[in-house]
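Next up, final.txt (compact mmCIF, N, CA and C atoms):
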```txt
# COMPACT_ATOMS: atom_id res chain seq x y z
N MET D 299 0.84 -1.18 0.00
CA MET D 299 0.00 0.00 0.00
C MET D 299 0.89 1.24 0.00
N GLY D 300 0.90 1.92 -1.10
CA GLY D 300 1.67 3.14 -1.18
C GLY D 300 3.12 2.95 -1.57
N ASP D 301 3.64 1.73 -1.43
CA ASP D 301 5.02 1.48 -1.83
C ASP D 301 5.07 1.19 -3.32
N HIS D 302 6.06 1.74 -3.97
CA HIS D 302 6.23 1.50 -5.39
C HIS D 302 7.53 0.74 -5.60
N LYS D 303 7.46 -0.29 -6.38
CA LYS D 303 8.64 -1.08 -6.71
C LYS D 303 8.93 -0.90 -8.19
N VAL D 304 10.18 -0.74 -8.52
CA VAL D 304 10.60 -0.62 -9.91
C VAL D 304 11.55 -1.77 -10.19
N TYR D 305 11.29 -2.48 -11.25
CA TYR D 305 12.14 -3.60 -11.64
C TYR D 305 12.85 -3.24 -12.93
N ASP D 306 14.17 -3.35 -12.92
CA ASP D 306 14.96 -3.05 -14.09
C ASP D 306 14.88 -4.24 -15.03
N ALA D 307 14.44 -3.97 -16.25
CA ALA D 307 14.24 -5.05 -17.21
C ALA D 307 15.50 -5.40 -17.97
N TRP D 308 16.53 -4.59 -17.85
CA TRP D 308 17.69 -4.84 -18.71
C TRP D 308 18.55 -5.96 -18.15
N ASN D 309 18.70 -6.98 -18.95
CA ASN D 309 19.58 -8.10 -18.62
C ASN D 309 20.49 -8.25 -19.82
N ILE D 310 21.75 -7.97 -19.67
CA ILE D 310 22.70 -7.91 -20.78
C ILE D 310 22.82 -9.26 -21.50
N ASP D 311 22.47 -10.35 -20.82
CA ASP D 311 22.59 -11.67 -21.43
C ASP D 311 21.36 -12.08 -22.23
N GLU D 312 20.33 -11.28 -22.23
CA GLU D 312 19.08 -11.61 -22.90
C GLU D 312 18.70 -10.53 -23.90
N THR D 313 17.74 -10.86 -24.75
CA THR D 313 17.23 -9.86 -25.68
C THR D 313 16.41 -8.83 -24.90
N TYR D 314 16.15 -7.71 -25.54
CA TYR D 314 15.35 -6.66 -24.90
C TYR D 314 13.98 -7.19 -24.49
N HIS D 315 13.29 -7.86 -25.42
CA HIS D 315 11.95 -8.36 -25.12
C HIS D 315 11.96 -9.41 -24.01
N LYS D 316 12.90 -10.33 -24.07
CA LYS D 316 12.95 -11.36 -23.03
C LYS D 316 13.30 -10.75 -21.68
N SER D 317 14.17 -9.75 -21.67
CA SER D 317 14.51 -9.07 -20.42
C SER D 317 13.27 -8.42 -19.80
N ASN D 318 12.45 -7.78 -20.63
CA ASN D 318 11.22 -7.16 -20.13
C ASN D 318 10.23 -8.21 -19.65
N LEU D 319 10.12 -9.30 -20.37
CA LEU D 319 9.23 -10.38 -19.97
C LEU D 319 9.66 -10.97 -18.63
N ILE D 320 10.95 -11.20 -18.46
CA ILE D 320 11.47 -11.73 -17.19
C ILE D 320 11.19 -10.75 -16.06
N ALA D 321 11.43 -9.47 -16.29
CA ALA D 321 11.17 -8.46 -15.25
C ALA D 321 9.69 -8.44 -14.87
N LEU D 322 8.81 -8.56 -15.87
CA LEU D 322 7.38 -8.60 -15.59
C LEU D 322 7.03 -9.81 -14.73
N VAL D 323 7.54 -10.97 -15.09
CA VAL D 323 7.27 -12.20 -14.34
C VAL D 323 7.80 -12.07 -12.91
N GLU D 324 9.01 -11.56 -12.77
CA GLU D 324 9.58 -11.43 -11.42
C GLU D 324 8.78 -10.46 -10.56
N ALA D 325 8.29 -9.39 -11.16
CA ALA D 325 7.46 -8.44 -10.42
C ALA D 325 6.13 -9.09 -10.03
N LEU D 326 5.50 -9.80 -10.97
CA LEU D 326 4.22 -10.45 -10.68
C LEU D 326 4.36 -11.55 -9.64
N ASP D 327 5.49 -12.22 -9.63
CA ASP D 327 5.72 -13.30 -8.68
C ASP D 327 5.74 -12.81 -7.23
N ARG D 328 5.90 -11.53 -7.03
CA ARG D 328 5.92 -10.99 -5.67
C ARG D 328 4.53 -10.89 -5.05
N PHE D 329 3.50 -11.02 -5.88
CA PHE D 329 2.13 -10.99 -5.38
C PHE D 329 1.69 -12.40 -5.06
N ASN D 330 1.02 -12.57 -3.90
CA ASN D 330 0.57 -13.91 -3.53
C ASN D 330 -0.95 -13.97 -3.35
N ARG D 331 -1.64 -12.90 -3.71
CA ARG D 331 -3.10 -12.89 -3.64
C ARG D 331 -3.60 -11.81 -4.59
N PRO D 332 -4.89 -11.88 -4.96
CA PRO D 332 -5.42 -10.86 -5.87
C PRO D 332 -5.18 -9.46 -5.32
N ALA D 333 -4.85 -8.55 -6.21
CA ALA D 333 -4.56 -7.18 -5.81
C ALA D 333 -4.82 -6.24 -6.98
N ASP D 334 -5.13 -5.00 -6.65
CA ASP D 334 -5.22 -3.97 -7.68
C ASP D 334 -3.81 -3.52 -7.99
N ILE D 335 -3.38 -3.72 -9.22
CA ILE D 335 -2.02 -3.33 -9.60
C ILE D 335 -2.08 -2.53 -10.89
N LEU D 336 -1.09 -1.70 -11.07
CA LEU D 336 -0.92 -0.94 -12.30
C LEU D 336 0.46 -1.28 -12.84
N ILE D 337 0.49 -1.76 -14.05
CA ILE D 337 1.74 -2.18 -14.66
C ILE D 337 2.13 -1.19 -15.73
N HIS D 338 3.32 -0.64 -15.61
CA HIS D 338 3.89 0.22 -16.65
C HIS D 338 5.02 -0.56 -17.29
N ILE D 339 4.93 -0.75 -18.58
CA ILE D 339 5.97 -1.49 -19.28
C ILE D 339 6.32 -0.73 -20.55
N GLN D 340 7.60 -0.52 -20.77
CA GLN D 340 8.04 0.26 -21.93
C GLN D 340 8.08 -0.58 -23.20
N ASP D 341 8.05 -1.88 -23.06
CA ASP D 341 8.14 -2.76 -24.22
C ASP D 341 6.74 -2.97 -24.78
N VAL D 342 6.42 -2.22 -25.83
CA VAL D 342 5.10 -2.30 -26.46
C VAL D 342 4.82 -3.71 -26.95
N TRP D 343 5.83 -4.37 -27.49
CA TRP D 343 5.65 -5.71 -28.04
C TRP D 343 5.23 -6.70 -26.95
N VAL D 344 5.92 -6.70 -25.81
CA VAL D 344 5.57 -7.60 -24.72
C VAL D 344 4.15 -7.31 -24.23
N ALA D 345 3.83 -6.04 -24.04
CA ALA D 345 2.48 -5.66 -23.59
C ALA D 345 1.43 -6.16 -24.57
N THR D 346 1.67 -5.99 -25.85
CA THR D 346 0.72 -6.41 -26.88
C THR D 346 0.57 -7.92 -26.91
N MET D 347 1.67 -8.64 -26.79
CA MET D 347 1.59 -10.10 -26.81
C MET D 347 0.80 -10.63 -25.62
N ILE D 348 0.99 -10.05 -24.45
CA ILE D 348 0.23 -10.47 -23.26
C ILE D 348 -1.25 -10.18 -23.47
N GLU D 349 -1.55 -8.97 -23.95
CA GLU D 349 -2.94 -8.55 -24.10
C GLU D 349 -3.67 -9.29 -25.21
N LYS D 350 -3.01 -9.52 -26.33
CA LYS D 350 -3.70 -10.03 -27.51
C LYS D 350 -3.46 -11.49 -27.83
N ASN D 351 -2.34 -12.08 -27.41
CA ASN D 351 -2.01 -13.44 -27.84
C ASN D 351 -1.92 -14.47 -26.73
N ALA D 352 -1.64 -14.05 -25.51
CA ALA D 352 -1.37 -15.02 -24.43
C ALA D 352 -2.54 -15.97 -24.20
N GLU D 353 -3.75 -15.46 -24.25
CA GLU D 353 -4.90 -16.34 -24.01
C GLU D 353 -5.00 -17.42 -25.09
N THR D 354 -4.77 -17.05 -26.34
CA THR D 354 -4.79 -18.03 -27.44
C THR D 354 -3.64 -19.01 -27.30
N TRP D 355 -2.45 -18.51 -26.98
CA TRP D 355 -1.30 -19.39 -26.80
C TRP D 355 -1.59 -20.41 -25.69
N GLN D 356 -2.16 -19.92 -24.58
CA GLN D 356 -2.48 -20.80 -23.46
C GLN D 356 -3.46 -21.87 -23.91
N PHE D 357 -4.49 -21.48 -24.64
CA PHE D 357 -5.50 -22.42 -25.14
C PHE D 357 -4.85 -23.48 -26.03
N ASN D 358 -3.84 -23.08 -26.81
CA ASN D 358 -3.16 -23.98 -27.75
C ASN D 358 -1.95 -24.68 -27.14
N GLY D 359 -1.85 -24.68 -25.82
CA GLY D 359 -0.74 -25.37 -25.16
C GLY D 359 0.59 -24.69 -25.37
N TRP D 360 0.57 -23.35 -25.53
CA TRP D 360 1.77 -22.54 -25.72
C TRP D 360 2.50 -22.92 -27.00
N GLU D 361 1.71 -23.28 -28.00
CA GLU D 361 2.25 -23.60 -29.33
C GLU D 361 1.70 -22.63 -30.35
N ASN D 362 2.48 -22.43 -31.42
CA ASN D 362 2.06 -21.56 -32.51
C ASN D 362 1.26 -22.36 -33.54
N ARG D 363 0.93 -21.73 -34.64
CA ARG D 363 0.15 -22.40 -35.69
C ARG D 363 0.84 -23.63 -36.25
N ASP D 364 2.17 -23.64 -36.21
CA ASP D 364 2.95 -24.77 -36.73
C ASP D 364 3.15 -25.85 -35.66
N HIS D 365 2.45 -25.72 -34.55
CA HIS D 365 2.53 -26.68 -33.43
C HIS D 365 3.93 -26.75 -32.83
N LYS D 366 4.62 -25.62 -32.84
CA LYS D 366 5.92 -25.51 -32.19
C LYS D 366 5.74 -24.61 -30.98
N LYS D 367 6.48 -24.93 -29.91
CA LYS D 367 6.38 -24.12 -28.69
C LYS D 367 6.75 -22.67 -28.98
N ILE D 368 6.00 -21.75 -28.39
CA ILE D 368 6.27 -20.33 -28.47
C ILE D 368 7.61 -20.07 -27.81
N LYS D 369 8.44 -19.23 -28.41
CA LYS D 369 9.73 -18.89 -27.81
C LYS D 369 9.50 -18.26 -26.44
N ASN D 370 10.25 -18.74 -25.47
CA ASN D 370 10.15 -18.26 -24.08
C ASN D 370 8.77 -18.55 -23.48
N TRP D 371 8.15 -19.62 -23.91
CA TRP D 371 6.78 -19.93 -23.49
C TRP D 371 6.64 -20.05 -21.98
N GLU D 372 7.70 -20.50 -21.31
CA GLU D 372 7.61 -20.65 -19.86
C GLU D 372 7.36 -19.30 -19.18
N TYR D 373 8.02 -18.26 -19.67
CA TYR D 373 7.82 -16.92 -19.09
C TYR D 373 6.45 -16.36 -19.47
N TRP D 374 6.03 -16.57 -20.71
CA TRP D 374 4.69 -16.12 -21.13
C TRP D 374 3.63 -16.79 -20.27
N GLN D 375 3.81 -18.09 -20.04
CA GLN D 375 2.85 -18.84 -19.24
C GLN D 375 2.81 -18.32 -17.82
N ARG D 376 3.97 -18.10 -17.23
CA ARG D 376 4.01 -17.60 -15.85
C ARG D 376 3.35 -16.23 -15.74
N ALA D 377 3.63 -15.33 -16.69
CA ALA D 377 3.03 -14.00 -16.67
C ALA D 377 1.51 -14.09 -16.83
N TYR D 378 1.08 -14.85 -17.82
CA TYR D 378 -0.36 -14.99 -18.08
C TYR D 378 -1.08 -15.59 -16.86
N ASN D 379 -0.53 -16.68 -16.33
CA ASN D 379 -1.17 -17.33 -15.19
C ASN D 379 -1.25 -16.41 -13.98
N LYS D 380 -0.18 -15.68 -13.73
CA LYS D 380 -0.18 -14.78 -12.58
C LYS D 380 -1.20 -13.65 -12.77
N LEU D 381 -1.31 -13.15 -13.98
CA LEU D 381 -2.30 -12.10 -14.24
C LEU D 381 -3.72 -12.64 -14.05
N GLN D 382 -3.94 -13.90 -14.35
CA GLN D 382 -5.26 -14.50 -14.11
C GLN D 382 -5.54 -14.62 -12.62
N VAL D 383 -4.55 -15.06 -11.86
CA VAL D 383 -4.71 -15.18 -10.40
C VAL D 383 -4.97 -13.82 -9.78
N LEU D 384 -4.28 -12.81 -10.26
CA LEU D 384 -4.45 -11.47 -9.72
C LEU D 384 -5.73 -10.81 -10.21
N LYS D 385 -6.42 -11.48 -11.16
CA LYS D 385 -7.64 -10.95 -11.76
C LYS D 385 -7.39 -9.61 -12.42
N PHE D 386 -6.25 -9.51 -13.08
CA PHE D 386 -5.86 -8.27 -13.75
C PHE D 386 -6.78 -8.02 -14.93
N LYS D 387 -7.43 -6.87 -14.95
CA LYS D 387 -8.39 -6.55 -16.01
C LYS D 387 -7.96 -5.35 -16.86
N GLY D 388 -6.88 -4.71 -16.48
CA GLY D 388 -6.49 -3.48 -17.15
C GLY D 388 -5.67 -3.71 -18.40
N LYS D 389 -5.21 -2.63 -18.94
CA LYS D 389 -4.27 -2.67 -20.06
C LYS D 389 -2.88 -2.51 -19.48
N LEU D 390 -1.91 -3.00 -20.21
CA LEU D 390 -0.53 -2.78 -19.81
C LEU D 390 -0.05 -1.51 -20.51
N PRO D 391 -0.02 -0.38 -19.81
CA PRO D 391 0.39 0.86 -20.48
C PRO D 391 1.84 0.77 -20.93
N ALA D 392 2.05 1.08 -22.17
CA ALA D 392 3.41 1.07 -22.71
C ALA D 392 3.79 2.51 -23.04
N PHE D 393 4.88 2.96 -22.50
CA PHE D 393 5.35 4.33 -22.70
C PHE D 393 4.31 5.36 -22.28
N GLU D 394 3.50 5.02 -21.30
CA GLU D 394 2.46 5.94 -20.86
C GLU D 394 3.04 7.25 -20.38
N GLY D 395 2.55 8.34 -20.92
CA GLY D 395 2.94 9.66 -20.48
C GLY D 395 4.25 10.18 -21.03
N LEU D 396 4.93 9.42 -21.88
CA LEU D 396 6.20 9.89 -22.44
C LEU D 396 5.94 10.80 -23.64
N THR D 397 6.74 11.84 -23.73
CA THR D 397 6.70 12.68 -24.92
C THR D 397 7.41 11.95 -26.06
N LYS D 398 7.27 12.47 -27.27
CA LYS D 398 7.97 11.86 -28.41
C LYS D 398 9.48 11.87 -28.18
N GLU D 399 9.99 12.95 -27.61
CA GLU D 399 11.42 13.07 -27.35
C GLU D 399 11.87 12.05 -26.31
N GLU D 400 11.09 11.88 -25.24
CA GLU D 400 11.43 10.90 -24.22
C GLU D 400 11.39 9.49 -24.79
N HIS D 401 10.39 9.22 -25.61
CA HIS D 401 10.29 7.91 -26.26
C HIS D 401 11.52 7.67 -27.13
N ALA D 402 11.93 8.68 -27.90
CA ALA D 402 13.12 8.56 -28.75
C ALA D 402 14.36 8.31 -27.90
N ASP D 403 14.47 8.98 -26.76
CA ASP D 403 15.61 8.77 -25.87
C ASP D 403 15.64 7.33 -25.35
N VAL D 404 14.48 6.81 -24.96
CA VAL D 404 14.41 5.43 -24.47
C VAL D 404 14.83 4.47 -25.57
N MET D 405 14.32 4.67 -26.77
CA MET D 405 14.65 3.77 -27.87
C MET D 405 16.14 3.87 -28.21
N HIS D 406 16.71 5.05 -28.15
CA HIS D 406 18.15 5.23 -28.39
C HIS D 406 18.95 4.46 -27.34
N TYR D 407 18.55 4.56 -26.09
CA TYR D 407 19.21 3.84 -25.00
C TYR D 407 19.15 2.34 -25.24
N ILE D 408 18.00 1.85 -25.65
CA ILE D 408 17.82 0.42 -25.90
C ILE D 408 18.76 -0.02 -27.02
N ARG D 409 18.80 0.74 -28.11
CA ARG D 409 19.67 0.37 -29.23
C ARG D 409 21.14 0.42 -28.82
N LEU D 410 21.52 1.37 -27.99
CA LEU D 410 22.89 1.43 -27.48
C LEU D 410 23.22 0.18 -26.68
N LYS D 411 22.31 -0.22 -25.79
CA LYS D 411 22.52 -1.39 -24.96
C LYS D 411 22.64 -2.66 -25.81
N GLN D 412 21.92 -2.70 -26.92
CA GLN D 412 21.95 -3.86 -27.78
C GLN D 412 23.10 -3.79 -28.78
N GLY D 413 23.89 -2.70 -28.72
CA GLY D 413 25.03 -2.56 -29.61
C GLY D 413 24.65 -2.20 -31.03
N GLN D 414 23.46 -1.68 -31.24
CA GLN D 414 23.02 -1.33 -32.57
C GLN D 414 23.40 0.09 -32.98
N GLU D 415 23.84 0.89 -32.01
CA GLU D 415 24.28 2.26 -32.29
C GLU D 415 25.61 2.49 -31.61
N GLY D 416 26.38 3.38 -32.19
CA GLY D 416 27.68 3.67 -31.59
C GLY D 416 27.73 4.94 -30.83
```
Let me see whether you can do it: turn the structure in this file into structure tokens.
Amino acid sequence: MGDHKVYDAWNIDETYHKSNLIALVEALDRFNRPADILIHIQDVWVATMIEKNAETWQFNGWENRDHKKIKNWEYWQRAYNKLQVLKFKGKLPAFEGLTKEEHADVMHYIRLKQGQEG
């Protein structure tokens, strides 16, 4: 109540998306009962996959159309299951409240960390 926790998603040994997914799972794992939570995630792709695809993936046994396991399915499953337990009904805001310049700065930082810019 009133305490805010921030989890750093950057893990140099993982991709940007997987790092964000792991951080989301680790944050959700700290809850042990239903709660009102607000999730801010800068990774639009991870937020979209959770909101739009996770339920279908779960229904299909975490497999894609080719009947192959979804990459990092264990983390997707953990995130999805925890959100169900928490009865999460909201959207995962991605870059909520950032200006275009702030968004550009974040993306530049991400590309630097991934070695895509010098």
Using only N, CA and C atoms: which of D:Trp355, D:Glu399, D:Arg363, D:Thr346 has the shortest distance to D:Gln375: D:Trp355
Please work out which residues fall within 12 Å of (3.5, -11.1, -10.6), coordinates as given in the file, with only C-alpha atoms counting, and return them as a VMD selection string. chain D and resid 303 305 319 to 337 373 to 386
Kindly indicate which residue among D:Trp343, D:Lys367, D:Gly359, D:Ala352 lies nearest to D:Lys316, using only C-alpha atoms for the distances.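 That would be D:Trp343, the residue with the smallest distance to D:Lys316.
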Using DSSP on the backbone coordinates, identify the residues of stretch 303-383 of chain D assigned to alpha helix (DSSP H); present them as an MDAnalysis selection string. chainID D and resid 314:326 342:350 352:357 371:383
In Å, rounded to a single decimal, give me how far atom N of D:Ala345 is from atom C of D:Asn362.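 Rounded to one decimal, the two atoms are 19.1 Å apart.
One finds atom C of D:His365 at 23.8 Å from atom C of D:Val342.
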So the first atom is atom N of D:Glu353 and the second is atom C of D:Trp371; what is the distance between them in Å, to one decimal place?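 Interatomic distance, atom N of D:Glu353 to atom C of D:Trp371: 11.6 Å.
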Could you give me the centre and size, in Å to one decimal, of an axis-aligned box around all listed atoms of stretch 367-381 of chain D with 3 Å added on every side, as AutoDock Vina command-line options?
```
--center_x 3.3 --center_y -18.5 --center_z -21.2 --size_x 20.0 --size_y 18.8 --size_z 23.3
```
